[in-house]
>>> print(open('data_39.cif').read())   # mmCIF, C-alpha atoms
data_final
#
loop_
_atom_site.label_atom_id
_atom_site.label_comp_id
_atom_site.auth_asym_id
_atom_site.auth_seq_id
_atom_site.Cartn_x
_atom_site.Cartn_y
_atom_site.Cartn_z
CA MET B 1 308.13 -0.12 172.95
CA VAL B 2 309.67 2.96 174.54
CA LYS B 3 312.40 2.29 177.07
CA ALA B 4 312.71 4.53 180.08
CA ASN B 5 315.91 6.40 179.32
CA ILE B 6 317.31 6.71 182.82
CA GLY B 7 320.53 5.63 184.43
CA VAL B 8 322.55 2.63 183.35
CA GLY B 9 321.10 -0.80 182.58
CA ILE B 10 317.71 -2.04 181.48
CA HIS B 11 314.72 -0.36 183.09
CA ALA B 12 311.01 -1.03 183.07
CA THR B 13 309.23 0.62 180.13
CA GLU B 14 307.12 3.74 180.55
CA ASN B 15 304.02 1.68 179.72
CA GLU B 16 304.88 -0.91 182.35
CA LEU B 17 305.40 1.64 185.11
CA ALA B 18 302.20 3.46 184.14
CA ASP B 19 300.22 0.20 184.09
CA LEU B 20 301.56 -0.73 187.52
CA LEU B 21 300.38 2.59 188.95
CA ALA B 22 297.01 2.43 187.16
CA GLY B 23 296.44 -1.16 188.35
CA ALA B 24 296.10 -2.32 184.75
CA MET B 25 298.56 -5.20 184.92
CA GLY B 26 298.28 -8.99 185.12
CA THR B 27 299.61 -10.73 188.25
CA ALA B 28 302.73 -12.16 186.59
CA ASP B 29 303.71 -8.86 184.95
CA LYS B 30 302.97 -6.97 188.15
CA GLU B 31 305.27 -9.27 190.14
CA ARG B 32 308.03 -8.90 187.54
CA VAL B 33 307.85 -5.08 187.46
CA THR B 34 307.55 -4.83 191.27
CA GLU B 35 310.57 -7.09 191.67
CA HIS B 36 312.55 -4.91 189.28
CA ALA B 37 311.47 -1.65 190.95
CA ALA B 38 312.44 -3.06 194.36
CA SER B 39 316.08 -3.20 193.27
CA CYS B 40 316.11 -0.29 190.78
CA ASP B 41 316.17 3.10 192.49
CA GLU B 42 315.59 5.03 189.23
CA CYS B 43 312.38 3.13 188.40
CA LEU B 44 311.15 3.37 192.00
CA CYS B 45 311.81 7.11 191.94
CA ALA B 46 309.89 7.40 188.64
CA ILE B 47 306.95 5.51 190.18
CA VAL B 48 306.86 7.65 193.34
CA SER B 49 307.29 10.92 191.45
CA SER B 50 304.54 10.02 188.96
CA TYR B 51 302.19 8.96 191.77
CA GLU B 52 302.71 12.28 193.57
CA SER B 53 302.33 14.40 190.43
CA VAL B 54 299.15 12.62 189.29
CA CYS B 55 297.63 12.83 192.79
CA SER B 56 298.17 16.57 192.97
CA PHE B 57 296.95 17.03 189.36
CA LYS B 58 293.74 15.08 190.05
CA LYS B 59 293.16 17.00 193.27
CA ASP B 60 293.52 20.34 191.43
CA ARG B 61 291.13 19.20 188.71
CA SER B 62 288.48 18.05 191.17
CA VAL B 63 288.69 21.48 192.88
CA LYS B 64 288.24 23.10 189.44
CA ILE B 65 285.23 20.89 188.68
CA ARG B 66 283.70 21.68 192.09
CA LYS B 67 284.22 25.41 191.52
CA GLY B 68 282.63 25.09 188.07
CA ASN B 69 279.62 23.29 189.57
CA ILE B 70 279.20 25.99 192.24
CA MET B 71 279.25 28.69 189.52
CA LYS B 72 276.63 26.74 187.54
CA LYS B 73 274.43 26.55 190.66
CA ILE B 74 274.78 30.29 191.27
CA ASN B 75 273.81 31.04 187.67
CA LEU B 76 270.80 28.73 188.06
CA TYR B 77 269.57 30.91 190.96
CA LEU B 78 269.78 33.98 188.74
CA ALA B 79 267.97 32.25 185.85
CA GLY B 80 265.29 31.00 188.29
CA ALA B 81 264.78 34.49 189.70
CA MET B 82 264.39 36.01 186.21
CA ILE B 83 262.00 33.28 185.02
CA SER B 84 259.94 33.65 188.17
CA PHE B 85 259.85 37.44 187.72
CA GLY B 86 258.65 37.05 184.11
CA LEU B 87 256.01 34.49 185.12
CA SER B 88 254.64 36.83 187.78
CA PHE B 89 253.50 39.14 184.96
CA LEU B 90 252.28 36.34 182.70
CA MET B 91 250.20 34.75 185.46
CA PRO B 92 248.68 37.62 187.48
CA ARG B 93 246.76 35.15 189.68
CA PHE B 94 250.05 33.95 191.23
CA PHE B 95 251.74 37.35 191.12
CA ILE B 96 252.64 37.42 194.83
CA GLN B 97 253.87 33.80 194.90
CA PHE B 98 256.15 34.36 191.92
CA LEU B 99 257.39 37.65 193.34
CA VAL B 100 258.31 35.94 196.63
CA ALA B 101 260.11 33.20 194.67
CA THR B 102 261.95 35.91 192.71
CA LEU B 103 263.03 37.59 195.92
CA LEU B 104 264.19 34.34 197.51
CA LEU B 105 266.16 33.17 194.45
CA GLY B 106 267.55 36.66 193.88
CA THR B 107 268.73 36.91 197.49
CA LYS B 108 270.34 33.47 197.25
CA TRP B 109 272.13 34.55 194.04
CA ILE B 110 273.36 37.78 195.62
CA VAL B 111 274.55 36.10 198.83
CA ASP B 112 276.36 33.27 197.01
CA SER B 113 278.13 35.35 194.38
CA LYS B 114 281.78 36.11 195.11
CA SER B 115 281.68 39.76 194.14
CA THR B 116 278.90 40.45 196.65
CA LYS B 117 280.90 38.75 199.40
CA MET B 118 283.83 40.94 198.47
CA LEU B 119 281.70 44.09 198.55
CA ILE B 120 280.33 43.16 201.98
CA MET B 121 283.90 42.57 203.20
CA ILE B 122 285.03 45.97 201.94
CA TYR B 123 281.99 47.69 203.46
CA GLU B 124 282.60 46.04 206.85
CA ALA B 125 286.28 47.00 206.72
CA TRP B 126 285.38 50.57 205.79
CA LYS B 127 282.99 50.72 208.74
CA ARG B 128 285.67 49.33 211.08
CA GLY B 129 288.85 51.08 210.02
CA GLY B 130 287.87 53.72 207.51
CA GLU B 131 289.35 54.20 204.06
CA LYS B 132 292.80 52.86 205.02
CA GLU B 133 291.49 49.42 205.99
CA ALA B 134 289.30 49.22 202.88
CA SER B 135 292.20 50.10 200.56
CA ARG B 136 294.38 47.49 202.32
CA ILE B 137 291.77 44.80 201.58
CA LEU B 138 291.49 46.01 197.99
CA LYS B 139 295.29 45.77 197.66
CA ASN B 140 295.25 42.19 198.99
CA ILE B 141 292.50 41.24 196.56
CA ASP B 142 294.56 42.70 193.73
CA ILE B 143 297.69 40.72 194.75
CA GLY B 144 295.58 37.55 195.07
CA SER B 145 294.17 37.93 191.57
CA LYS B 146 297.65 38.58 190.13
CA ASP B 147 298.91 35.36 191.78
CA ARG B 148 296.09 33.41 190.22
CA PHE B 149 296.89 34.55 186.72
CA MET S 1 284.43 28.35 176.09
CA GLU S 2 284.05 25.98 179.00
CA GLU S 3 286.77 23.40 179.40
CA LYS S 4 285.66 19.82 179.11
CA LEU S 5 286.81 18.72 182.52
CA ALA S 6 285.39 15.26 182.75
CA GLU S 7 286.15 14.23 179.19
CA ASN S 8 286.93 10.55 178.68
CA ASP S 9 290.59 9.87 177.91
CA VAL S 10 289.82 6.97 175.55
CA THR S 11 287.94 9.11 173.02
CA LEU S 12 290.34 12.03 173.44
CA VAL S 13 293.43 9.86 172.84
CA GLU S 14 291.74 8.11 169.90
CA ALA S 15 290.99 11.47 168.29
CA CYS S 16 294.57 12.65 168.89
CA VAL S 17 295.95 9.46 167.31
CA ASN S 18 293.76 10.20 164.29
CA LYS S 19 295.45 13.63 164.12
CA ASP S 20 292.37 15.64 165.13
CA LEU S 21 293.77 19.11 165.88
CA THR S 22 290.85 20.22 168.06
CA ALA S 23 291.22 17.11 170.21
CA TRP S 24 294.96 17.72 170.45
CA ALA S 25 294.33 21.29 171.63
CA ARG S 26 291.99 19.90 174.30
CA PHE S 27 294.62 17.30 175.29
CA VAL S 28 297.30 19.99 175.64
CA ASN S 29 294.94 22.19 177.64
CA LYS S 30 293.98 19.32 179.91
CA TYR S 31 297.45 17.92 180.59
CA SER S 32 299.89 20.88 180.45
CA GLY S 33 299.64 21.31 184.22
CA LEU S 34 300.42 17.64 184.81
CA ILE S 35 303.45 17.78 182.49
CA ASN S 36 304.86 20.84 184.28
CA GLY S 37 304.20 19.33 187.71
CA SER S 38 305.84 16.03 186.74
CA ILE S 39 308.95 17.77 185.42
CA VAL S 40 309.38 19.83 188.57
CA ASN S 41 308.65 16.93 190.92
CA ARG S 42 310.99 14.46 189.21
CA LEU S 43 313.87 16.92 189.16
CA LYS S 44 313.23 17.76 192.82
CA LYS S 45 313.74 14.09 193.68
CA TYR S 46 317.30 14.39 192.36
CA GLY S 47 317.84 17.76 194.06
CA PHE S 48 317.55 19.92 190.93
CA THR S 49 315.43 22.92 190.08
CA LEU S 50 315.08 24.54 186.67
CA ALA S 51 314.08 28.00 185.49
CA ALA S 52 310.55 28.51 184.15
CA GLU S 53 311.90 28.87 180.58
CA ASP S 54 313.66 25.50 180.81
CA ILE S 55 310.48 23.84 182.07
CA GLU S 56 308.56 25.43 179.21
CA ASP S 57 311.21 24.12 176.75
CA ILE S 58 310.90 20.59 178.12
CA ARG S 59 307.09 20.74 177.95
CA GLN S 60 307.19 21.89 174.34
CA ASN S 61 309.66 19.10 173.47
CA ILE S 62 307.48 16.47 175.14
CA LEU S 63 304.31 17.63 173.40
CA SER S 64 305.99 17.92 170.02
CA SER S 65 307.54 14.44 170.28
CA ILE S 66 304.18 12.94 171.32
CA TRP S 67 302.39 14.61 168.39
CA LYS S 68 305.06 13.99 165.75
CA GLY S 69 305.85 10.45 166.85
CA ASN S 70 302.16 9.63 167.37
CA LYS S 71 303.21 8.22 170.75
CA LEU S 72 299.68 8.22 172.14
CA GLY S 73 298.99 5.31 169.79
CA ALA S 74 301.53 3.18 171.70
CA ILE S 75 299.82 3.60 175.09
CA ARG S 76 298.35 0.34 176.32
CA ASN S 77 295.98 1.77 178.93
CA THR S 78 294.16 4.67 177.29
CA GLU S 79 291.52 4.89 180.05
CA ASP S 80 293.86 7.01 182.13
CA VAL S 81 296.92 8.44 180.38
CA SER S 82 298.00 10.61 183.31
CA TYR S 83 300.49 8.10 184.79
CA TRP S 84 302.08 7.42 181.39
CA LEU S 85 302.33 11.12 180.61
CA SER S 86 303.81 11.87 184.02
CA ILE S 87 306.50 9.18 183.66
CA VAL S 88 307.34 10.32 180.11
CA SER S 89 307.60 13.93 181.34
CA GLY S 90 309.88 12.99 184.23
CA ASN S 91 312.19 10.99 181.94
CA ALA S 92 312.30 13.83 179.40
CA ALA S 93 313.24 16.26 182.19
CA LEU S 94 316.17 14.05 183.24
CA ASP S 95 317.32 13.72 179.61
CA TYR S 96 317.15 17.51 179.18
CA LEU S 97 319.15 18.04 182.34
CA ARG S 98 321.79 15.54 181.24
CA LYS S 99 322.16 17.25 177.84
CA LYS S 100 322.30 20.69 179.45
CA ARG S 101 324.98 19.69 181.93
CA HIS S 102 327.11 18.18 179.15
CA SER S 103 326.94 21.33 177.06
CA ASP S 104 327.18 23.80 179.96
CA PRO S 105 329.11 22.41 182.94
CA VAL S 106 328.13 24.94 185.59
CA ASN S 107 330.05 23.37 188.42
CA LYS S 108 333.38 23.37 186.65
CA ILE S 109 336.05 24.85 188.96
CA PRO S 110 338.58 27.07 187.17
CA LEU S 111 342.31 26.37 187.50
CA TYR S 112 343.17 27.32 191.06
CA ASP S 113 346.47 28.87 189.95
CA SER S 114 344.52 31.81 188.55
CA LEU S 115 342.49 32.33 191.73
CA SER S 116 343.36 34.27 194.87
CA GLU S 117 343.12 32.52 198.25
CA THR S 118 339.79 34.15 199.12
CA GLU S 119 338.34 33.22 195.72
CA LEU S 120 339.51 29.66 196.21
CA LEU S 121 337.79 29.53 199.62
CA ASP S 122 334.48 30.16 197.84
CA TYR S 123 334.74 26.69 196.34
CA ILE S 124 335.26 25.00 199.71
CA PRO S 125 332.14 24.29 201.80
CA SER S 126 332.18 26.57 204.85
CA ALA S 127 330.57 24.27 207.39
CA THR S 128 332.50 21.05 206.85
CA PRO S 129 331.01 18.24 208.97
CA ASP S 130 333.21 16.27 211.32
CA PRO S 131 334.93 13.60 209.13
CA GLY S 132 334.66 11.00 211.90
CA GLN S 133 330.90 11.55 212.25
CA THR S 134 330.44 11.42 208.48
CA LEU S 135 332.35 8.13 208.31
CA ILE S 136 330.19 6.57 211.05
CA ARG S 137 326.99 7.82 209.40
CA ASN S 138 328.09 6.46 206.01
CA GLU S 139 328.94 3.11 207.56
CA ILE S 140 325.52 2.88 209.24
CA SER S 141 323.64 3.80 206.05
CA GLU S 142 325.71 1.26 204.09
CA ARG S 143 324.81 -1.43 206.62
CA ILE S 144 321.11 -0.54 206.44
CA GLU S 145 321.23 -0.54 202.64
CA SER S 146 322.90 -3.94 202.51
CA ALA S 147 320.35 -5.26 205.03
CA ILE S 148 317.48 -3.95 202.86
CA ASP S 149 319.04 -5.63 199.82
CA LEU S 150 318.77 -9.00 201.55
CA LEU S 151 314.97 -8.70 201.90
CA PRO S 152 312.58 -10.44 199.48
CA PRO S 153 311.30 -8.10 196.66
CA ASN S 154 307.83 -7.38 198.11
CA GLU S 155 309.23 -6.49 201.55
CA LYS S 156 312.10 -4.56 199.99
CA ILE S 157 309.85 -2.31 197.86
CA VAL S 158 307.48 -1.65 200.75
CA ILE S 159 310.29 -0.73 203.15
CA LYS S 160 311.99 1.48 200.54
CA LEU S 161 308.73 3.31 199.82
CA SER S 162 308.15 3.74 203.53
CA LEU S 163 311.63 4.62 204.81
CA VAL S 164 313.35 6.18 201.78
CA HIS S 165 310.39 7.91 200.11
CA GLY S 166 308.40 8.58 203.28
CA LYS S 167 305.14 7.11 202.01
CA LYS S 168 302.35 6.04 204.36
CA TYR S 169 300.87 2.53 204.20
CA HIS S 170 297.66 3.67 202.48
CA GLU S 171 299.75 5.46 199.83
CA ILE S 172 301.96 2.39 199.28
CA SER S 173 298.81 0.32 198.90
CA LYS S 174 297.62 2.71 196.15
CA ILE S 175 301.03 2.86 194.43
CA LEU S 176 301.44 -0.92 194.24
CA ASN S 177 297.72 -1.71 193.97
CA ILE S 178 297.77 -4.16 196.86
CA PRO S 179 295.62 -4.31 200.01
CA GLN S 180 296.75 -2.14 202.93
CA GLY S 181 296.82 -5.22 205.15
CA SER S 182 299.51 -6.79 202.95
CA VAL S 183 301.53 -3.58 203.08
CA SER S 184 301.56 -3.47 206.88
CA THR S 185 302.34 -7.21 207.14
CA TRP S 186 305.28 -6.94 204.73
CA ALA S 187 306.54 -3.77 206.39
CA ASP S 188 306.38 -5.29 209.90
CA ARG S 189 308.14 -8.43 208.70
CA ALA S 190 310.83 -6.37 206.96
CA LYS S 191 311.40 -4.21 210.05
CA GLU S 192 311.81 -7.29 212.23
CA LYS S 193 314.34 -8.75 209.80
CA LEU S 194 316.24 -5.46 209.62
CA LYS S 195 316.39 -5.21 213.42
CA LYS S 196 317.67 -8.77 213.69
CA TYR S 197 320.25 -8.24 210.96
CA LEU S 198 321.54 -4.98 212.43
CA LYS S 199 321.77 -6.52 215.94
CA GLU S 200 323.88 -9.34 214.52
CA LEU S 201 326.24 -6.81 213.00
CA LYS S 202 326.88 -5.04 216.36
#
>>> encode(input="data_39.cif", output="C-alpha cells")
Amino acid sequence: MVKANIGVGIHATENELADLLAGAMGTADKERVTEHAASCDECLCAIVSSYESVCSFKKDRSVKIRKGNIMKKINLYLAGAMISFGLSFLMPRFFIQFLVATLLLGTKWIVDSKSTKMLIMIYEAWKRGGEKEASRILKNIDIGSKDRF
Amino acid sequence: MEEKLAENDVTLVEACVNKDLTAWARFVNKYSGLINGSIVNRLKKYGFTLAAEDIEDIRQNILSSIWKGNKLGAIRNTEDVSYWLSIVSGNAALDYLRKKRHSDPVNKIPLYDSLSETELLDYIPSATPDPGQTLIRNEISERIESAIDLLPPNEKIVIKLSLVHGKKYHEISKILNIPQGSVSTWADRAKEKLKKYLKELK
C-alpha cells in the first residue's frame, strides 16, 4: 500500500484518506482514520485540500456538461427546422403547418445561438455609440476568447 | 470528438489497468484539470506557489508514475477516483517542492561580510511587528492549541476544520461523512470546553 509521503512519522495512506472523503469506509476504519487526522495536521490538510479541489473540479465539469446539453438542444432546433422544411414539400397538404413549424424552430435556433446574441449586442452598441463602441465590444470579446483558450 | 463527460470511473480505470491506451488518453483528458488544481491548492495551503512549467512537470511525473507503476490497480474505491488522485497529486507536489528546495536553496542569505549595509537591509523585514505583541499572540495561540489537543478526537477534528480551515458545518459533514447535527453538537461541545479551559488559565 502507498504511504502518504508527508512530514515525519506514520501517516494515513492515500487510499484511506480517499475512502474517508468518498464515504467508502467501515465504521471502525473511519474512526481510526478520523482519530489520526484529528492529531495529524499534514493528513488533515491533505483531506481539506483534496475536498476543495474535487469540489471545484466537479463543479467545473457539471458546468461543462450543462453547456454541452444546451448546445445539443440548440442543434436539435436547427435539425427540427430543416426536417420540418423538407416535410413541407413532401406533404403539400400540410405545407403551411410545416412552414410555421420551420419558422418557429428556426427563430428559436437563431435566438438561442451565441453568435446571434453577439451580433445583436454589436448592432445595439453600434446604434448607441457608433463604430467606437462596437469595436470596444469586439475587443472585449477577443480578450474573453483568448482567456478561455 | 465529443468528450465522454459522464463516463463511469470503474470501466475507465479497469481499461487503464489493462493498459488500454485509448482509455488512458480519456483518463488523462478527464483528470488533468483535477491534478493541476490539486497541486496548486495543496501548495497554497503551505504558502507556496509554483510556476506553470513546474506544475506541468509535476503533472507529467504523476501521470507517468501512475501509468508505469500501474497504480490505478491499487485503488480500493474505483467508483470515484477523484479523491485518490487529488491526494496523490498533492503529495507529489510537496515531494517535488522538497526536492527542489534541497537542490536550489533560494532563500540562502550570502555571507554578510560581502554585502553593503543597504544590501543587508534588504534581508531584514521592513515592518517588524512589536516583539511584545508577537509574544502575547504566540502565547495565546499556544494556549488555544494545547486546549484543542485536550479535546476528544471527534470534537478536535470538527473544531480544527471549523476554526483552522474555515469550513462550514455542512462542509465538515460532507468531509467526514457524518450528519450535520453531529457536527454542530460536537462543535458546540468543543467550544464550551475551550471557553472553560481558557477561563481557567486566566
>>> atom_distance(input="data_39.cif", atom1="atom CA of B:Lys58", atom2="atom CA of S:Leu34")
8.9 Å
>>> atom_distance(input="data_39.cif", atom1="atom CA of B:Ile65", atom2="atom CA of S:Trp24")
20.9 Å
>>> closest_residue(input="data_39.cif", among="S:Lys44, S:Arg59, S:Lys195, S:Lys99", to="chain B", atoms="only C-alpha atoms")
S:Lys44
>>> closest_residue(input="data_39.cif", among="S:Tyr46, S:Phe27, S:Trp67, S:Tyr83", to="chain B", atoms="only C-alpha atoms")
S:Tyr83
>>> resolve_selection(input="data_39.cif", expression="the PyMOL selection byres ((chain S) within 9 of (chain B))", output="ChimeraX atom specification")
/S:5-6,31,33-35,37-39,41-42,45,74-77,80-88,90-92,94-95,149,152-158,160-161,165,167,174-177
>>> resolve_selection(input="data_39.cif", expression="the PyMOL selection byres ((chain B and resi 102-114) around 7)", output="PyMOL selection string")
chain B and resi 74+77-78+80-82+84-85+98-101+115-118
>>> axis_aligned_box(input="data_39.cif", around="stretch 22-26 of chain S", padding_each_side="3 Å", output="JSON")
{"center_x": 292.9, "center_y": 19.2, "center_z": 171.2, "size_x": 10.1, "size_y": 10.2, "size_z": 12.2}
>>> closest_residue(input="data_39.cif", among="S:Val28, S:Ile172, S:Ile144, S:Leu21", to="S:Leu63", atoms="all atoms listed in the file")
S:Val28
>>> resolve_selection(input="data_39.cif", expression="the PyMOL selection byres ((chain S and resi 186) around 9)", output="ChimeraX atom specification")
/S:154-156,158-159,181-185,187-191
>>> write_last_selection(input="data_39.cif", atoms="C-alpha atoms", output="PDB file, in the frame of the given file")
ATOM      1  CA  ASN S 154     307.830  -7.380 198.110  1.00  0.00           C
ATOM      2  CA  GLU S 155     309.230  -6.490 201.550  1.00  0.00           C
ATOM      3  CA  LYS S 156     312.100  -4.560 199.990  1.00  0.00           C
ATOM      4  CA  VAL S 158     307.480  -1.650 200.750  1.00  0.00           C
ATOM      5  CA  ILE S 159     310.290  -0.730 203.150  1.00  0.00           C
ATOM      6  CA  GLY S 181     296.820  -5.220 205.150  1.00  0.00           C
ATOM      7  CA  SER S 182     299.510  -6.790 202.950  1.00  0.00           C
ATOM      8  CA  VAL S 183     301.530  -3.580 203.080  1.00  0.00           C
ATOM      9  CA  SER S 184     301.560  -3.470 206.880  1.00  0.00           C
ATOM     10  CA  THR S 185     302.340  -7.210 207.140  1.00  0.00           C
ATOM     11  CA  ALA S 187     306.540  -3.770 206.390  1.00  0.00           C
ATOM     12  CA  ASP S 188     306.380  -5.290 209.900  1.00  0.00           C
ATOM     13  CA  ARG S 189     308.140  -8.430 208.700  1.00  0.00           C
ATOM     14  CA  ALA S 190     310.830  -6.370 206.960  1.00  0.00           C
ATOM     15  CA  LYS S 191     311.400  -4.210 210.050  1.00  0.00           C
TER      16      LYS S 191
END
